[in-house]
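coords_10.cif (mmCIF, N, CA and C atoms)
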```cif
data_protein
loop_
_atom_site.label_atom_id
_atom_site.label_comp_id
_atom_site.auth_asym_id
_atom_site.auth_seq_id
_atom_site.Cartn_x
_atom_site.Cartn_y
_atom_site.Cartn_z
N MET A 14 -11.94 -18.56 3.83
CA MET A 14 -11.56 -17.28 3.28
C MET A 14 -10.43 -16.66 4.11
N ARG A 15 -10.45 -16.86 5.40
CA ARG A 15 -9.39 -16.33 6.26
C ARG A 15 -8.04 -16.91 5.87
N ALA A 16 -8.02 -18.22 5.55
CA ALA A 16 -6.77 -18.86 5.13
C ALA A 16 -6.27 -18.24 3.83
N HIS A 17 -7.20 -17.88 2.93
CA HIS A 17 -6.82 -17.24 1.66
C HIS A 17 -6.16 -15.88 1.92
N ARG A 18 -6.73 -15.10 2.81
CA ARG A 18 -6.16 -13.79 3.13
C ARG A 18 -4.78 -13.93 3.73
N LEU A 19 -4.62 -14.90 4.65
CA LEU A 19 -3.33 -15.12 5.26
C LEU A 19 -2.30 -15.55 4.22
N ALA A 20 -2.69 -16.42 3.31
CA ALA A 20 -1.79 -16.87 2.26
C ALA A 20 -1.37 -15.71 1.38
N LEU A 21 -2.30 -14.83 1.01
CA LEU A 21 -1.99 -13.67 0.19
C LEU A 21 -0.98 -12.78 0.90
N PHE A 22 -1.18 -12.54 2.19
CA PHE A 22 -0.28 -11.69 2.95
C PHE A 22 1.12 -12.30 3.01
N VAL A 23 1.19 -13.61 3.26
CA VAL A 23 2.48 -14.28 3.35
C VAL A 23 3.21 -14.20 2.02
N VAL A 24 2.50 -14.44 0.93
CA VAL A 24 3.13 -14.37 -0.40
C VAL A 24 3.65 -12.97 -0.67
N LEU A 25 2.85 -11.96 -0.41
CA LEU A 25 3.29 -10.60 -0.69
C LEU A 25 4.40 -10.15 0.25
N ALA A 26 4.34 -10.57 1.49
CA ALA A 26 5.38 -10.19 2.43
C ALA A 26 6.71 -10.84 2.08
N ALA A 27 6.66 -12.02 1.51
CA ALA A 27 7.87 -12.77 1.19
C ALA A 27 8.49 -12.36 -0.13
N CYS A 28 7.78 -11.61 -0.95
CA CYS A 28 8.27 -11.34 -2.30
C CYS A 28 9.20 -10.14 -2.37
N GLY A 29 9.56 -9.55 -1.26
CA GLY A 29 10.53 -8.49 -1.29
C GLY A 29 9.98 -7.11 -1.55
N THR A 30 8.89 -6.77 -0.92
CA THR A 30 8.33 -5.43 -1.05
C THR A 30 8.22 -4.79 0.32
N GLN A 31 8.85 -3.66 0.48
CA GLN A 31 8.76 -2.92 1.73
C GLN A 31 7.49 -2.07 1.73
N ALA A 32 6.94 -1.84 2.91
CA ALA A 32 5.81 -0.92 3.04
C ALA A 32 6.04 -0.07 4.28
N ARG A 33 5.63 1.18 4.17
CA ARG A 33 5.80 2.11 5.28
C ARG A 33 4.59 3.03 5.33
N PHE A 34 4.14 3.35 6.55
CA PHE A 34 2.98 4.22 6.74
C PHE A 34 3.41 5.50 7.42
N LEU A 35 2.98 6.62 6.87
CA LEU A 35 3.27 7.93 7.43
C LEU A 35 1.96 8.56 7.86
N PRO A 36 1.66 8.61 9.17
CA PRO A 36 0.37 9.15 9.62
C PRO A 36 0.27 10.65 9.36
N LEU A 37 -0.96 11.09 9.02
CA LEU A 37 -1.23 12.51 8.77
C LEU A 37 -2.31 13.06 9.68
N ASN A 38 -3.45 12.37 9.75
CA ASN A 38 -4.60 12.84 10.53
C ASN A 38 -5.15 11.70 11.37
N PRO A 39 -5.76 12.04 12.51
CA PRO A 39 -6.37 10.97 13.31
C PRO A 39 -7.61 10.40 12.61
N PRO A 40 -7.82 9.09 12.72
CA PRO A 40 -9.02 8.50 12.09
C PRO A 40 -10.28 8.94 12.81
N PRO A 41 -11.41 8.97 12.11
CA PRO A 41 -12.66 9.42 12.71
C PRO A 41 -13.28 8.39 13.66
N HIS A 42 -12.76 7.17 13.66
CA HIS A 42 -13.24 6.11 14.53
C HIS A 42 -12.14 5.07 14.69
N ARG A 43 -12.34 4.13 15.59
CA ARG A 43 -11.36 3.07 15.82
C ARG A 43 -11.25 2.20 14.56
N LEU A 44 -10.03 1.90 14.16
CA LEU A 44 -9.81 1.11 12.96
C LEU A 44 -9.52 -0.34 13.33
N THR A 45 -10.03 -1.24 12.50
CA THR A 45 -9.74 -2.66 12.67
C THR A 45 -9.23 -3.21 11.35
N PRO A 46 -8.28 -4.14 11.39
CA PRO A 46 -7.75 -4.70 10.15
C PRO A 46 -8.85 -5.33 9.30
N ARG A 47 -8.64 -5.33 8.01
CA ARG A 47 -9.60 -5.88 7.05
C ARG A 47 -8.85 -6.62 5.95
N ALA A 48 -9.58 -7.43 5.23
CA ALA A 48 -9.01 -8.20 4.13
C ALA A 48 -8.55 -7.25 3.02
N PRO A 49 -7.38 -7.48 2.43
CA PRO A 49 -6.89 -6.59 1.37
C PRO A 49 -7.86 -6.44 0.20
N GLU A 50 -8.57 -7.52 -0.14
CA GLU A 50 -9.48 -7.44 -1.29
C GLU A 50 -10.70 -6.57 -1.02
N THR A 51 -10.93 -6.18 0.25
CA THR A 51 -12.06 -5.30 0.58
C THR A 51 -11.64 -3.82 0.60
N VAL A 52 -10.36 -3.56 0.43
CA VAL A 52 -9.87 -2.18 0.41
C VAL A 52 -10.10 -1.61 -0.99
N GLU A 53 -10.84 -0.53 -1.09
CA GLU A 53 -11.11 0.11 -2.38
C GLU A 53 -9.82 0.72 -2.92
N PHE A 54 -9.62 0.61 -4.23
CA PHE A 54 -8.44 1.19 -4.88
C PHE A 54 -8.92 2.25 -5.86
N HIS A 55 -8.57 3.51 -5.59
CA HIS A 55 -8.98 4.64 -6.44
C HIS A 55 -7.76 5.11 -7.22
N ALA A 56 -7.74 4.85 -8.51
CA ALA A 56 -6.58 5.17 -9.35
C ALA A 56 -6.70 6.51 -10.06
N SER A 57 -7.91 7.00 -10.29
CA SER A 57 -8.07 8.23 -11.08
C SER A 57 -8.48 9.44 -10.25
N GLY A 58 -8.48 9.30 -8.94
CA GLY A 58 -8.82 10.41 -8.07
C GLY A 58 -9.56 9.93 -6.84
N PRO A 59 -9.77 10.81 -5.89
CA PRO A 59 -10.45 10.41 -4.65
C PRO A 59 -11.93 10.12 -4.87
N PRO A 60 -12.53 9.36 -3.95
CA PRO A 60 -13.96 9.08 -4.08
C PRO A 60 -14.78 10.35 -3.86
N SER A 61 -16.02 10.34 -4.33
CA SER A 61 -16.87 11.52 -4.19
C SER A 61 -17.48 11.63 -2.79
N ARG A 62 -17.55 10.54 -2.05
CA ARG A 62 -18.12 10.60 -0.69
C ARG A 62 -17.09 11.14 0.30
N PRO A 63 -17.54 11.71 1.41
CA PRO A 63 -16.62 12.28 2.41
C PRO A 63 -15.71 11.20 3.01
N PHE A 64 -14.45 11.58 3.25
CA PHE A 64 -13.48 10.67 3.86
C PHE A 64 -12.44 11.47 4.62
N VAL A 65 -11.68 10.78 5.45
CA VAL A 65 -10.54 11.37 6.15
C VAL A 65 -9.28 10.69 5.63
N ASP A 66 -8.33 11.49 5.23
CA ASP A 66 -7.03 11.00 4.77
C ASP A 66 -6.18 10.84 6.02
N ILE A 67 -5.98 9.58 6.46
CA ILE A 67 -5.26 9.38 7.72
C ILE A 67 -3.76 9.23 7.54
N GLY A 68 -3.30 9.04 6.31
CA GLY A 68 -1.87 8.93 6.11
C GLY A 68 -1.50 8.48 4.72
N VAL A 69 -0.21 8.32 4.51
CA VAL A 69 0.33 7.90 3.22
C VAL A 69 1.04 6.56 3.40
N ILE A 70 0.76 5.66 2.48
CA ILE A 70 1.44 4.37 2.45
C ILE A 70 2.43 4.41 1.29
N GLU A 71 3.67 4.03 1.57
CA GLU A 71 4.68 3.94 0.52
C GLU A 71 5.13 2.49 0.41
N THR A 72 5.24 1.99 -0.81
CA THR A 72 5.79 0.66 -1.04
C THR A 72 7.00 0.79 -1.94
N LEU A 73 7.92 -0.17 -1.80
CA LEU A 73 9.14 -0.14 -2.58
C LEU A 73 9.66 -1.55 -2.78
N GLN A 74 10.07 -1.85 -4.01
CA GLN A 74 10.73 -3.12 -4.29
C GLN A 74 11.98 -3.22 -3.44
N GLU A 75 12.30 -4.43 -2.97
CA GLU A 75 13.58 -4.63 -2.31
C GLU A 75 14.64 -5.05 -3.32
N SER A 76 14.19 -5.53 -4.48
CA SER A 76 15.10 -5.85 -5.58
C SER A 76 14.33 -5.68 -6.88
N GLY A 77 15.05 -5.56 -7.98
CA GLY A 77 14.41 -5.39 -9.28
C GLY A 77 13.65 -6.62 -9.72
N ALA A 78 13.82 -7.75 -8.99
CA ALA A 78 13.15 -9.00 -9.36
C ALA A 78 11.71 -9.06 -8.88
N THR A 79 11.30 -8.14 -8.04
CA THR A 79 9.93 -8.13 -7.52
C THR A 79 8.99 -7.62 -8.60
N PRO A 80 7.96 -8.41 -8.97
CA PRO A 80 7.01 -7.94 -9.99
C PRO A 80 6.31 -6.65 -9.55
N LEU A 81 6.13 -5.73 -10.49
CA LEU A 81 5.49 -4.45 -10.16
C LEU A 81 4.07 -4.64 -9.62
N GLU A 82 3.37 -5.67 -10.11
CA GLU A 82 2.02 -5.93 -9.62
C GLU A 82 2.04 -6.22 -8.12
N ASP A 83 3.09 -6.89 -7.65
CA ASP A 83 3.20 -7.20 -6.23
C ASP A 83 3.44 -5.93 -5.40
N VAL A 84 4.19 -5.00 -5.97
CA VAL A 84 4.45 -3.74 -5.27
C VAL A 84 3.15 -2.96 -5.11
N LEU A 85 2.35 -2.92 -6.18
CA LEU A 85 1.05 -2.25 -6.10
C LEU A 85 0.10 -2.99 -5.15
N ALA A 86 0.08 -4.31 -5.23
CA ALA A 86 -0.80 -5.10 -4.36
C ALA A 86 -0.44 -4.89 -2.90
N ARG A 87 0.82 -4.64 -2.63
CA ARG A 87 1.26 -4.44 -1.25
C ARG A 87 0.60 -3.20 -0.64
N LEU A 88 0.25 -2.21 -1.47
CA LEU A 88 -0.49 -1.04 -0.97
C LEU A 88 -1.79 -1.48 -0.31
N ARG A 89 -2.52 -2.39 -0.96
CA ARG A 89 -3.78 -2.89 -0.42
C ARG A 89 -3.57 -3.72 0.83
N VAL A 90 -2.53 -4.54 0.84
CA VAL A 90 -2.24 -5.37 2.02
C VAL A 90 -1.96 -4.47 3.23
N GLU A 91 -1.14 -3.48 3.03
CA GLU A 91 -0.80 -2.57 4.14
C GLU A 91 -2.01 -1.76 4.56
N ALA A 92 -2.81 -1.30 3.61
CA ALA A 92 -4.03 -0.55 3.95
C ALA A 92 -4.99 -1.42 4.75
N GLY A 93 -5.14 -2.66 4.35
CA GLY A 93 -6.01 -3.58 5.09
C GLY A 93 -5.50 -3.82 6.49
N ARG A 94 -4.20 -3.98 6.63
CA ARG A 94 -3.60 -4.19 7.96
C ARG A 94 -3.88 -3.01 8.88
N LEU A 95 -3.86 -1.81 8.30
CA LEU A 95 -4.10 -0.59 9.07
C LEU A 95 -5.59 -0.34 9.35
N GLY A 96 -6.46 -0.96 8.56
CA GLY A 96 -7.90 -0.74 8.73
C GLY A 96 -8.46 0.34 7.83
N CYS A 97 -7.75 0.69 6.77
CA CYS A 97 -8.22 1.72 5.84
C CYS A 97 -9.36 1.18 5.00
N ASP A 98 -10.32 2.04 4.68
CA ASP A 98 -11.42 1.65 3.80
C ASP A 98 -10.99 1.66 2.34
N GLY A 99 -10.02 2.49 2.01
CA GLY A 99 -9.57 2.58 0.63
C GLY A 99 -8.23 3.26 0.53
N VAL A 100 -7.67 3.21 -0.67
CA VAL A 100 -6.45 3.95 -0.97
C VAL A 100 -6.68 4.77 -2.23
N VAL A 101 -6.09 5.95 -2.25
CA VAL A 101 -6.12 6.81 -3.42
C VAL A 101 -4.69 6.83 -3.96
N PHE A 102 -4.51 6.29 -5.15
CA PHE A 102 -3.19 6.18 -5.75
C PHE A 102 -2.61 7.56 -6.00
N LEU A 103 -1.39 7.81 -5.53
CA LEU A 103 -0.75 9.12 -5.67
C LEU A 103 0.36 9.11 -6.71
N GLY A 104 0.80 7.94 -7.14
CA GLY A 104 1.82 7.87 -8.19
C GLY A 104 3.07 7.14 -7.75
N GLY A 105 4.08 7.27 -8.57
CA GLY A 105 5.33 6.57 -8.34
C GLY A 105 6.19 7.23 -7.29
N ASN A 106 7.06 6.42 -6.70
CA ASN A 106 7.99 6.88 -5.69
C ASN A 106 9.26 6.05 -5.83
N ASP A 107 9.83 6.05 -7.04
CA ASP A 107 11.00 5.21 -7.33
C ASP A 107 12.23 5.74 -6.59
N GLN A 108 13.17 4.81 -6.35
CA GLN A 108 14.44 5.18 -5.73
C GLN A 108 15.58 4.59 -6.54
N VAL A 109 16.59 5.41 -6.78
CA VAL A 109 17.79 4.96 -7.47
C VAL A 109 18.79 4.57 -6.39
N VAL A 110 19.33 3.35 -6.51
CA VAL A 110 20.26 2.84 -5.50
C VAL A 110 21.52 2.33 -6.17
N GLY A 111 22.59 2.28 -5.39
CA GLY A 111 23.84 1.71 -5.87
C GLY A 111 24.91 2.76 -6.07
N VAL A 112 26.15 2.30 -6.13
CA VAL A 112 27.27 3.19 -6.36
C VAL A 112 27.94 2.82 -7.67
N ASP A 113 28.53 1.63 -7.74
CA ASP A 113 29.19 1.19 -8.97
C ASP A 113 28.17 0.73 -10.01
N SER A 114 27.16 0.02 -9.53
CA SER A 114 26.10 -0.48 -10.39
C SER A 114 24.78 0.13 -9.92
N VAL A 115 24.25 1.05 -10.68
CA VAL A 115 23.05 1.79 -10.29
C VAL A 115 21.81 1.08 -10.82
N SER A 116 20.79 0.97 -9.99
CA SER A 116 19.51 0.41 -10.44
C SER A 116 18.37 1.21 -9.82
N THR A 117 17.21 1.09 -10.42
CA THR A 117 16.02 1.79 -9.93
C THR A 117 15.07 0.79 -9.30
N LEU A 118 14.69 1.04 -8.06
CA LEU A 118 13.69 0.23 -7.39
C LEU A 118 12.35 0.95 -7.52
N ARG A 119 11.34 0.24 -8.01
CA ARG A 119 10.02 0.83 -8.23
C ARG A 119 9.29 0.98 -6.91
N GLY A 120 8.71 2.12 -6.72
CA GLY A 120 7.93 2.39 -5.53
C GLY A 120 6.67 3.14 -5.88
N TYR A 121 5.68 3.05 -5.01
CA TYR A 121 4.41 3.73 -5.21
C TYR A 121 3.92 4.32 -3.91
N ARG A 122 3.07 5.35 -4.02
CA ARG A 122 2.49 6.01 -2.86
C ARG A 122 0.98 6.05 -3.04
N ALA A 123 0.29 5.92 -1.92
CA ALA A 123 -1.17 6.02 -1.92
C ALA A 123 -1.62 6.63 -0.60
N SER A 124 -2.68 7.37 -0.68
CA SER A 124 -3.29 7.94 0.51
C SER A 124 -4.23 6.91 1.13
N CYS A 125 -4.12 6.70 2.42
CA CYS A 125 -4.98 5.77 3.16
C CYS A 125 -6.19 6.54 3.65
N ILE A 126 -7.38 6.14 3.20
CA ILE A 126 -8.59 6.89 3.55
C ILE A 126 -9.56 6.06 4.37
N VAL A 127 -10.34 6.77 5.18
CA VAL A 127 -11.35 6.14 6.03
C VAL A 127 -12.64 6.94 5.88
N TYR A 128 -13.75 6.22 5.76
CA TYR A 128 -15.07 6.87 5.64
C TYR A 128 -15.67 7.11 7.00
#
```

structure tokens encoding of this file:
Amino acid sequence: MRAHRLALFVVLAACGTQARFLPLNPPPHRLTPRAPETVEFHASGPPSRPFVDIGVIETLQESGATPLEDVLARLRVEAGRLGCDGVVFLGGNDQVVGVDSVSTLRGYRASCIVY
């Protein structure tokens, strides 16, 4: 299973998706990295149980060729790397780039939460 997690991380890291973490609050305990598939994904709102929002994760395509599913999956990979128990989807964070030829790079934001 460890090899599977490493393979998933390598594939997502190589597909051209940037990730960035913006800390907000200190975690309630020491965090340890976890497998991306164990990170809860909350798309319709925060969980009902108490949590601490430790920061915001932003992902962004590096090119328009990156599948949107990979950009979303990168949220979980980054959350797992940080030791987050879950992410609460906050919505899009697209960026328009270029001068002569303008294109939109798809981006997403999620809150990194810890129980």

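Considering the residues A:Pro59, A:Gly29, A:Gly104, A:Gly93 and counting only C-alpha atoms, Arg47 (chain A) has its shortest atom-to-atom contact with A:Gly93.
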
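Those residues that approach His55 (chain A) to within 7 Å, counting all atoms listed in the file, are Glu53, Ser57, Gly58, Pro59, Pro60, Gly99, Val100, Val101 and Phe102 of chain A; same-chain residues fewer than 2 positions away are not listed.
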
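Candidate residues A:Val52, A:Ala123, A:Ala78, A:Val69 were compared for distance to Cys97 (chain A), and the nearest is A:Val52, using all atoms listed in the file.
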
To test your reading of the syntax: which residues would the PyMOL selection byres ((chain A and resi 68) around 7) return for the file shown? Reply as a VMD selection string. chain A and resid 34 to 38 65 to 67 69 to 70 123 to 126

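Note that the spacing between atom N of Gly120 (chain A) and atom N of Ala92 (chain A) amounts to 15.8 Å.
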
Residues at most 5 Å from Pro46 (chain A), counting all atoms listed in the file, excluding those fewer than 4 positions away in the same chain, as a list in words? Gly93, Arg94, Leu95 and Gly96 of chain A

Pick the closest to Pro49 (chain A) from A:Leu73, A:Val90, A:Ala32, A:Leu85: which is it, counting only C-alpha atoms? A:Val90

Provide the atom N of Phe64 (chain A) to atom N of Arg43 (chain A) distance in Å, to one decimal place. 14.6 Å

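Atom N of Phe54 (chain A) is found 26.3 Å from CA of Thr117 (chain A).
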
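Nearest-residue note for Arg87 (chain A): choosing from A:Leu44, A:Glu71, A:Val127, A:Arg119, the minimum distance belongs to A:Glu71, counting all atoms listed in the file.
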
Which parts of region 38-100 of chain A does DSSP call alpha helix (DSSP H) when run on the backbone here, written out as a ChimeraX atom specification? /A:81-95
